[in-house]
>>> print(open('coords.pdb').read())   # PDB, C-alpha atoms and all ligand atoms
ATOM      1  CA  MET A  53      35.127  -1.625  71.488
ATOM      2  CA  ASP A  54      32.836  -0.481  74.294
ATOM      3  CA  GLY A  55      34.725   2.802  74.405
ATOM      4  CA  LEU A  56      34.256   3.341  70.685
ATOM      5  CA  ARG A  57      30.567   2.453  70.919
ATOM      6  CA  GLN A  58      30.099   4.966  73.727
ATOM      7  CA  GLN A  59      31.957   7.680  71.854
ATOM      8  CA  LEU A  60      30.006   7.083  68.646
ATOM      9  CA  ASN A  61      26.749   7.197  70.567
ATOM     10  CA  ALA A  62      27.938  10.422  72.196
ATOM     11  CA  LEU A  63      28.577  11.804  68.717
ATOM     12  CA  LEU A  64      25.012  10.906  67.684
ATOM     13  CA  ALA A  65      23.630  12.493  70.827
ATOM     14  CA  THR A  66      25.454  15.770  70.196
ATOM     15  CA  CYS A  67      24.755  15.970  66.443
ATOM     16  CA  ASP A  68      22.230  18.685  65.671
ATOM     17  CA  ALA A  69      20.626  16.790  62.798
ATOM     18  CA  GLU A  70      18.003  19.432  62.025
ATOM     19  CA  SER A  71      20.539  22.196  61.596
ATOM     20  CA  THR A  72      23.125  19.976  59.897
ATOM     21  CA  ARG A  73      20.547  18.758  57.389
ATOM     22  CA  THR A  74      20.239  22.235  55.936
ATOM     23  CA  ARG A  75      23.818  21.818  54.655
ATOM     24  CA  ASP A  76      23.211  18.350  53.248
ATOM     25  CA  PRO A  77      21.779  17.480  49.817
ATOM     26  CA  VAL A  78      19.051  15.397  51.488
ATOM     27  CA  ASP A  79      17.492  18.657  52.658
ATOM     28  CA  CYS A  80      15.857  19.314  49.296
ATOM     29  CA  VAL A  81      14.084  15.917  49.472
ATOM     30  CA  HIS A  82      12.235  17.119  52.569
ATOM     31  CA  ARG A  83      10.650  19.956  50.594
ATOM     32  CA  TYR A  84       8.344  17.369  48.978
ATOM     33  CA  ALA A  85       5.494  15.539  50.732
ATOM     34  CA  ARG A  86       4.646  12.756  48.275
ATOM     35  CA  PRO A  87       6.840   9.634  48.568
ATOM     36  CA  ARG A  88       7.220   9.300  44.778
ATOM     37  CA  ASP A  89       8.430  12.889  44.544
ATOM     38  CA  GLN A  90      10.832  12.237  47.422
ATOM     39  CA  GLU A  91      12.151   9.180  45.554
ATOM     40  CA  ILE A  92      12.947  11.047  42.338
ATOM     41  CA  VAL A  93      14.227  14.172  44.084
ATOM     42  CA  GLY A  94      16.457  11.963  46.236
ATOM     43  CA  LEU A  95      17.800  10.242  43.160
ATOM     44  CA  ILE A  96      18.615  13.594  41.549
ATOM     45  CA  ALA A  97      20.138  15.063  44.721
ATOM     46  CA  ALA A  98      22.270  12.008  45.524
ATOM     47  CA  SER A  99      23.433  11.668  41.914
ATOM     48  CA  LEU A 100      24.585  15.294  41.787
ATOM     49  CA  ALA A 101      26.112  15.342  45.312
ATOM     50  CA  PHE A 102      29.513  15.422  43.741
ATOM     51  CA  GLY A 103      32.129  18.149  44.093
ATOM     52  CA  ASN A 104      31.673  21.518  45.751
ATOM     53  CA  ALA A 105      28.605  21.670  47.982
ATOM     54  CA  VAL A 106      27.407  25.083  46.836
ATOM     55  CA  ALA A 107      27.723  24.178  43.154
ATOM     56  CA  ALA A 108      25.962  20.867  43.743
ATOM     57  CA  ARG A 109      23.044  22.550  45.519
ATOM     58  CA  ARG A 110      22.767  25.046  42.663
ATOM     59  CA  SER A 111      22.656  22.244  40.094
ATOM     60  CA  ILE A 112      20.116  20.240  42.079
ATOM     61  CA  ASP A 113      17.871  23.292  42.450
ATOM     62  CA  ARG A 114      18.124  24.029  38.751
ATOM     63  CA  VAL A 115      16.952  20.514  37.865
ATOM     64  CA  LEU A 116      14.105  20.644  40.389
ATOM     65  CA  ILE A 117      12.863  23.976  39.020
ATOM     66  CA  THR A 118      12.953  22.448  35.543
ATOM     67  CA  LEU A 119      10.806  19.500  36.646
ATOM     68  CA  GLY A 120       8.155  21.621  38.396
ATOM     69  CA  PRO A 121       6.156  20.967  41.577
ATOM     70  CA  GLU A 122       5.348  17.309  40.778
ATOM     71  CA  PRO A 123       8.670  15.888  39.611
ATOM     72  CA  ALA A 124       7.611  12.226  39.733
ATOM     73  CA  ALA A 125       4.586  12.842  37.516
ATOM     74  CA  MET A 126       6.746  14.921  35.184
ATOM     75  CA  VAL A 127       9.379  12.210  34.855
ATOM     76  CA  GLU A 128       6.759   9.476  34.468
ATOM     77  CA  GLY A 129       4.977  11.298  31.670
ATOM     78  CA  ALA A 130       7.880  12.733  29.692
ATOM     79  CA  SER A 131       9.989  11.177  26.965
ATOM     80  CA  TYR A 132      13.780  11.284  26.900
ATOM     81  CA  ASP A 133      13.678  14.053  24.267
ATOM     82  CA  GLU A 134      11.271  16.145  26.344
ATOM     83  CA  LEU A 135      13.427  15.786  29.447
ATOM     84  CA  ARG A 136      16.615  16.617  27.557
ATOM     85  CA  ASP A 137      14.980  19.711  26.043
ATOM     86  CA  ARG A 138      13.699  20.840  29.457
ATOM     87  CA  LEU A 139      17.179  20.456  30.940
ATOM     88  CA  GLY A 140      18.537  22.525  28.046
ATOM     89  CA  GLY A 141      22.157  23.528  28.644
ATOM     90  CA  PHE A 142      22.430  21.876  32.067
ATOM     91  CA  VAL A 143      26.015  21.058  33.070
ATOM     92  CA  HIS A 144      27.318  19.780  36.410
ATOM     93  CA  ARG A 145      30.960  18.778  36.393
ATOM     94  CA  ILE A 146      31.170  15.975  33.791
ATOM     95  CA  TYR A 147      27.396  15.567  33.505
ATOM     96  CA  ARG A 148      25.288  17.203  30.833
ATOM     97  CA  ALA A 149      21.581  17.394  30.066
ATOM     98  CA  GLU A 150      21.625  14.233  27.969
ATOM     99  CA  HIS A 151      23.127  12.154  30.801
ATOM    100  CA  LEU A 152      20.619  13.292  33.386
ATOM    101  CA  ALA A 153      17.734  13.003  30.902
ATOM    102  CA  ALA A 154      18.748   9.395  30.221
ATOM    103  CA  VAL A 155      18.599   8.522  33.924
ATOM    104  CA  LEU A 156      15.351  10.412  34.486
ATOM    105  CA  SER A 157      13.625   8.818  31.490
ATOM    106  CA  ARG A 158      14.626   5.383  32.760
ATOM    107  CA  ALA A 159      13.378   6.302  36.245
ATOM    108  CA  GLY A 160      10.121   7.306  34.533
ATOM    109  CA  GLU A 161       9.935   3.835  33.016
ATOM    110  CA  LEU A 162      10.380   2.298  36.498
ATOM    111  CA  PHE A 163       7.505   4.479  37.742
ATOM    112  CA  ARG A 164       5.297   3.347  34.860
ATOM    113  CA  VAL A 165       6.067  -0.356  35.337
ATOM    114  CA  HIS A 166       6.324  -0.606  39.145
ATOM    115  CA  GLY A 167       4.463   2.432  40.464
ATOM    116  CA  SER A 168       7.423   3.579  42.563
ATOM    117  CA  LEU A 169      11.198   3.294  42.628
ATOM    118  CA  GLY A 170      10.881   1.457  45.941
ATOM    119  CA  ASN A 171       8.653  -1.201  44.355
ATOM    120  CA  ALA A 172      11.227  -1.577  41.591
ATOM    121  CA  PHE A 173      14.042  -1.964  44.112
ATOM    122  CA  VAL A 174      12.089  -4.585  46.068
ATOM    123  CA  GLN A 175      11.618  -6.580  42.873
ATOM    124  CA  PHE A 176      15.361  -6.385  42.128
ATOM    125  CA  HIS A 177      16.052  -7.407  45.729
ATOM    126  CA  GLN A 178      13.819 -10.465  45.434
ATOM    127  CA  ALA A 179      15.356 -11.394  42.079
ATOM    128  CA  SER A 180      18.795 -11.161  43.742
ATOM    129  CA  ASP A 181      17.828 -13.650  46.486
ATOM    130  CA  GLY A 182      17.965 -10.811  48.998
ATOM    131  CA  HIS A 183      21.541  -9.762  48.226
ATOM    132  CA  PHE A 184      21.683  -6.009  48.714
ATOM    133  CA  ARG A 185      24.727  -5.381  46.517
ATOM    134  CA  GLU A 186      23.284  -7.293  43.570
ATOM    135  CA  ALA A 187      19.885  -5.623  44.033
ATOM    136  CA  LEU A 188      21.585  -2.226  43.948
ATOM    137  CA  ALA A 189      23.530  -3.275  40.854
ATOM    138  CA  ARG A 190      20.316  -4.284  39.072
ATOM    139  CA  PHE A 191      18.703  -1.004  40.093
ATOM    140  CA  ALA A 192      21.723   0.859  38.679
ATOM    141  CA  ASP A 193      21.527  -1.204  35.469
ATOM    142  CA  ALA A 194      17.891  -0.162  35.078
ATOM    143  CA  LEU A 195      18.750   3.521  35.508
ATOM    144  CA  ARG A 196      21.864   3.536  33.347
ATOM    145  CA  GLY A 197      21.069   1.075  30.617
ATOM    146  CA  ASP A 198      23.640  -0.414  28.304
ATOM    147  CA  THR A 199      25.742   2.665  27.604
ATOM    148  CA  THR A 200      29.323   3.370  26.606
ATOM    149  CA  SER A 201      29.162   6.950  27.930
ATOM    150  CA  ARG A 202      31.798   7.390  30.650
ATOM    151  CA  SER A 203      29.847  10.272  32.153
ATOM    152  CA  LEU A 204      26.665   8.221  32.372
ATOM    153  CA  ARG A 205      28.561   5.265  33.837
ATOM    154  CA  HIS A 206      30.005   7.665  36.418
ATOM    155  CA  LEU A 207      26.637   9.288  37.128
ATOM    156  CA  VAL A 208      25.159   5.881  38.003
ATOM    157  CA  SER A 209      28.021   3.603  38.987
ATOM    158  CA  ASP A 210      28.064  -0.192  39.081
ATOM    159  CA  PRO A 211      28.395  -1.807  42.536
ATOM    160  CA  ARG A 212      29.771  -4.948  40.857
ATOM    161  CA  ALA A 213      32.833  -3.007  39.641
ATOM    162  CA  GLY A 214      34.408  -2.643  43.090
ATOM    163  CA  SER A 215      34.114   1.085  43.779
ATOM    164  CA  ALA A 216      32.285   2.273  46.892
ATOM    165  CA  CYS A 217      29.442   3.725  44.743
ATOM    166  CA  LYS A 218      28.953   6.285  47.472
ATOM    167  CA  ARG A 219      26.183   8.332  45.851
ATOM    168  CA  LEU A 220      24.085   5.284  44.976
ATOM    169  CA  VAL A 221      24.619   3.853  48.460
ATOM    170  CA  LEU A 222      23.835   7.241  49.991
ATOM    171  CA  TYR A 223      20.547   7.293  48.071
ATOM    172  CA  ALA A 224      19.738   3.827  49.440
ATOM    173  CA  ARG A 225      20.448   5.072  52.969
ATOM    174  CA  TRP A 226      18.022   7.972  52.505
ATOM    175  CA  MET A 227      15.292   5.665  51.177
ATOM    176  CA  VAL A 228      15.758   2.735  53.585
ATOM    177  CA  ARG A 229      16.790   4.004  57.026
ATOM    178  CA  PRO A 230      13.845   4.804  59.322
ATOM    179  CA  ALA A 231      12.453   8.323  59.078
ATOM    180  CA  ASP A 232      14.449  10.354  61.580
ATOM    181  CA  GLY A 233      14.306  13.867  60.161
ATOM    182  CA  VAL A 234      17.182  13.093  57.795
ATOM    183  CA  ASP A 235      16.512   9.697  56.237
ATOM    184  CA  LEU A 236      13.026   8.870  54.979
ATOM    185  CA  GLY A 237      12.242   5.185  55.549
ATOM    186  CA  LEU A 238      10.344   4.809  52.261
ATOM    187  CA  TRP A 239      11.563   1.412  51.089
ATOM    188  CA  PRO A 240      10.691  -1.854  52.869
ATOM    189  CA  ILE A 241      14.260  -3.126  53.091
ATOM    190  CA  ALA A 242      15.939  -3.914  56.412
ATOM    191  CA  PRO A 243      18.407  -1.147  57.423
ATOM    192  CA  SER A 244      20.750  -3.930  58.557
ATOM    193  CA  GLU A 245      21.429  -4.645  54.868
ATOM    194  CA  LEU A 246      22.730  -1.165  54.099
ATOM    195  CA  VAL A 247      26.385  -0.426  53.411
ATOM    196  CA  ILE A 248      27.914   2.848  54.558
ATOM    197  CA  PRO A 249      28.493   5.462  51.818
ATOM    198  CA  VAL A 250      32.253   5.927  51.872
ATOM    199  CA  ASP A 251      33.456   9.342  50.792
ATOM    200  CA  THR A 252      36.801  10.894  51.658
ATOM    201  CA  HIS A 253      35.482  12.076  55.046
ATOM    202  CA  ILE A 254      34.077   8.715  56.127
ATOM    203  CA  HIS A 255      37.190   6.964  54.854
ATOM    204  CA  ARG A 256      39.579   9.203  56.761
ATOM    205  CA  ILE A 257      37.603   9.286  60.020
ATOM    206  CA  SER A 258      37.029   5.517  59.867
ATOM    207  CA  ARG A 259      40.786   5.047  59.609
ATOM    208  CA  ASN A 260      41.269   7.421  62.539
ATOM    209  CA  LEU A 261      38.886   5.261  64.571
ATOM    210  CA  GLY A 262      40.348   1.927  63.470
ATOM    211  CA  LEU A 263      37.188   0.840  61.634
ATOM    212  CA  THR A 264      39.326   0.041  58.586
ATOM    213  CA  ASN A 265      42.966   0.139  57.573
ATOM    214  CA  ARG A 266      42.267   0.016  53.844
ATOM    215  CA  ARG A 267      43.786   2.810  51.799
ATOM    216  CA  THR A 268      41.236   3.016  49.009
ATOM    217  CA  ALA A 269      37.569   3.931  49.206
ATOM    218  CA  SER A 270      36.374   0.697  47.634
ATOM    219  CA  TRP A 271      33.290  -1.455  48.086
ATOM    220  CA  ALA A 272      35.413  -3.768  50.259
ATOM    221  CA  THR A 273      36.291  -0.775  52.455
ATOM    222  CA  ALA A 274      32.617   0.150  52.757
ATOM    223  CA  GLU A 275      31.756  -3.421  53.766
ATOM    224  CA  GLU A 276      34.599  -3.513  56.305
ATOM    225  CA  ILE A 277      33.538  -0.262  57.956
ATOM    226  CA  THR A 278      29.909  -1.408  57.962
ATOM    227  CA  ALA A 279      30.893  -4.734  59.546
ATOM    228  CA  ALA A 280      32.728  -2.850  62.297
ATOM    229  CA  LEU A 281      29.712  -0.598  62.915
ATOM    230  CA  ARG A 282      27.433  -3.638  62.930
ATOM    231  CA  GLU A 283      29.143  -4.640  66.180
ATOM    232  CA  PHE A 284      27.595  -1.527  67.735
ATOM    233  CA  ASP A 285      24.156  -1.793  66.131
ATOM    234  CA  PRO A 286      23.422  -4.927  64.086
ATOM    235  CA  GLU A 287      20.012  -3.646  63.044
ATOM    236  CA  ASP A 288      21.093  -0.203  61.872
ATOM    237  CA  PRO A 289      24.867  -0.006  61.375
ATOM    238  CA  VAL A 290      24.884   3.048  59.103
ATOM    239  CA  LYS A 291      23.017   5.261  61.572
ATOM    240  CA  TYR A 292      26.424   6.794  62.364
ATOM    241  CA  ASP A 293      27.086   7.899  58.770
ATOM    242  CA  PHE A 294      25.391  11.304  58.797
ATOM    243  CA  ALA A 295      27.088  12.556  61.976
ATOM    244  CA  LEU A 296      30.500  11.126  61.040
ATOM    245  CA  CYS A 297      30.391  12.503  57.511
ATOM    246  CA  HIS A 298      29.442  15.988  58.653
ATOM    247  CA  LEU A 299      32.332  16.009  61.114
ATOM    248  CA  GLY A 300      34.479  16.015  57.990
ATOM    249  CA  VAL A 301      32.311  18.189  55.733
ATOM    250  CA  SER A 302      32.166  20.912  58.399
ATOM    251  CA  ARG A 303      35.924  20.562  59.057
ATOM    252  CA  GLU A 304      35.210  19.961  62.746
ATOM    253  CA  CYS A 305      37.430  16.965  62.021
ATOM    254  CA  PRO A 306      40.183  18.458  59.869
ATOM    255  CA  SER A 307      42.283  16.440  57.457
ATOM    256  CA  ARG A 308      45.199  16.760  59.909
ATOM    257  CA  PRO A 309      44.722  16.848  63.694
ATOM    258  CA  GLU A 310      44.467  20.368  65.094
ATOM    259  CA  PRO A 311      44.520  20.949  68.875
ATOM    260  CA  ASP A 312      41.750  23.546  68.895
ATOM    261  CA  LYS A 313      39.397  21.137  67.119
ATOM    262  CA  CYS A 314      40.554  17.773  68.474
ATOM    263  CA  GLN A 315      40.323  18.936  72.083
ATOM    264  CA  GLN A 316      36.613  19.608  71.475
ATOM    265  CA  CYS A 317      35.973  16.338  69.640
ATOM    266  CA  VAL A 318      33.821  13.683  71.341
ATOM    267  CA  LEU A 319      35.890  11.014  69.565
ATOM    268  CA  GLN A 320      39.272  12.191  70.850
ATOM    269  CA  ASP A 321      39.679   9.285  73.315
ATOM    270  CA  VAL A 322      39.268   6.692  70.547
ATOM    271  CA  CYS A 323      41.043   8.498  67.724
ATOM    272  CA  SER A 324      44.313   6.936  66.591
ATOM    273  CA  VAL A 325      45.864  10.147  65.264
ATOM    274  CA  TRP A 326      45.224  12.468  68.192
ATOM    275  CA  ALA A 327      46.441  12.534  71.770
ATOM    276  CA  PRO A 328      46.201  15.456  74.177
ATOM    277  CA  GLY A 329      49.455  17.345  73.908
ATOM    278  CA  GLY A 330      50.170  16.230  70.388
ATOM    279  CA  VAL A 331      49.666  13.867  67.522
ATOM    280  CA  LYS A 332      50.048  10.196  68.356
ATOM    281  CA  GLY A 333      53.024   8.368  66.963
ATOM    282  CA  GLN A 334      51.001   6.312  64.505
ATOM    283  CA  LYS A 335      51.220   6.925  60.811
ATOM    284  CA  ARG A 336      48.728   9.492  59.628
ATOM    285  CA  PRO A 337      46.200   7.899  57.297
ATOM    286  CA  ARG A 338      47.014   8.541  53.666
ATOM    287  CA  VAL A 339      43.645   9.757  52.533
ATOM    288  CA  SER A 340      43.428  12.772  50.296
ATOM    289  CA  ALA A 341      42.337  16.001  51.940
ATOM    290  CA  GLN A 342      39.158  17.683  50.770
ATOM    291  CA  LYS A 343      38.430  21.362  50.608
ATOM    292  CA  PRO A 344      36.001  22.805  53.166
ATOM    293  CA  GLY A 345      32.408  22.513  52.050
ATOM    294  CA  GLU A 346      33.018  19.738  49.546
ATOM    295  CA  LEU A 347      30.627  16.854  49.381
ATOM    296  CA  ARG A 348      31.082  13.155  48.735
ATOM    297  CA  LEU A 349      33.422  12.741  45.782
TER
HETATM  298  S1  LIG B   1      40.263  13.776  67.554
HETATM  299 FE1  LIG B   1      40.679  15.207  65.875
HETATM  300  S2  LIG B   1      41.413  13.935  64.144
HETATM  301 FE2  LIG B   1      40.436  12.575  65.665
HETATM  302  S3  LIG B   1      38.310  12.336  64.941
HETATM  303 FE3  LIG B   1      38.336  14.021  66.434
HETATM  304  S4  LIG B   1      38.643  15.921  65.253
HETATM  305 FE4  LIG B   1      39.168  14.155  63.913
END
>>> encode(input="coords.pdb", output="structure tokens", more="lines below")
Ligand code: SF4
Amino acid sequence: MDGLRQQLNALLATCDAESTRTRDPVDCVHRYARPRDQEIVGLIAASLAFGNAVAARRSIDRVLITLGPEPAAMVEGASYDELRDRLGGFVHRIYRAEHLAAVLSRAGELFRVHGSLGNAFVQFHQASDGHFREALARFADALRGDTTSRSLRHLVSDPRAGSACKRLVLYARWMVRPADGVDLGLWPIAPSELVIPVDTHIHRISRNLGLTNRRTASWATAEEITAALREFDPEDPVKYDFALCHLGVSRECPSRPEPDKCQQCVLQDVCSVWAPGGVKGQKRPRVSAQKPGELRL
């Protein structure tokens, strides 16, 4: 365990967060100075961080242009119909203008009632007796409403249903973890409560490192990986997420071990699928490969 802790800390030390951030959807949140704008831009960016990275960035930018320079004020003051009309023919994968307008109009209602999305989350957290998963579920309920739309239920997923809810959990990481140039530290929730956002990259690399043996990217998998990381930092277990995820997004950690990449990897001594001179005899994790440049899906 000490070896893994040292290697993970070495990974953090060598991660160029400033440069890497420019390839991450959180980057657009940093264009805004006001916390309420950062909250709504983060919600949009995390919700659309789905599929090809370039297409996702294009869709996020299109929505932000539509909302103007003060997106929180826009969302707070606009009706569902106004937001849907502004978004016009917006399409991103399975999401259309009406789905995003529904979430934004409900976020506007949270602004009107609570003043900020963080205040709303704190209230849900208190009403959930401090249980992070239930607080996140109530927050998702408030954004999604009682809908039968599959697209809307996918856009804002339900943590109670068992999936990893990676985009919702990613949004929570951005809002809760201390400001470090990537995350923003806007919400007064302890980072120790966070769960790691499990996408295909985190799932595969976590299996490589023995943080989980689970084959599906479920909520249980996210909790298991987080529990393993908590051994290394009980106060801030998901601080490793950004660097680990971008190892996969950048293909520095390929879906199958490659000597030219693995020999440069700071995790090579603790990786179960790589050994100098060849691939170790263990079964390769059965996690689906992802194309270069793809985000959390
Ligand atoms: S040694 Fe290779 S397979 Fe293992 S984590 Fe590093 S890059 Fe990925």
>>> residues_near_point(input="coords.pdb", point="(26.7, 13.5, 31.8)", cutoff="6 Å", atoms="only C-alpha atoms", output="list in words")
Ile146, Tyr147, Arg148, His151, Ser203 and Leu204 of chain A
>>> residues_near_ligand(input="coords.pdb", ligand="ligand LIG 1 (chain B)", cutoff="7 Å", atoms="all atoms listed in the file", output="list in words")
Ile257, Asn260, Glu304, Cys305, Pro306, Arg308, Pro309, Glu310, Lys313, Cys314, Gln315, Cys317, Val318, Leu319, Gln320, Cys323, Ser324, Val325 and Trp326 of chain A
>>> resolve_selection(input="coords.pdb", expression="the PyMOL selection byres (((chain A and resi 259) around 12) and not hetatm)", output="MDAnalysis selection string")
chainID A and resid 250 252:258 260:269 273:274 276:277 280 307 322:325 334:339
>>> atom_distance(input="coords.pdb", atom1="CA of Ala149 in chain A", atom2="CA of Val115 in chain A")
9.6 Å
>>> atom_distance(input="coords.pdb", atom1="CA of Ser131 in chain A", atom2="CA of His206 in chain A")
22.4 Å
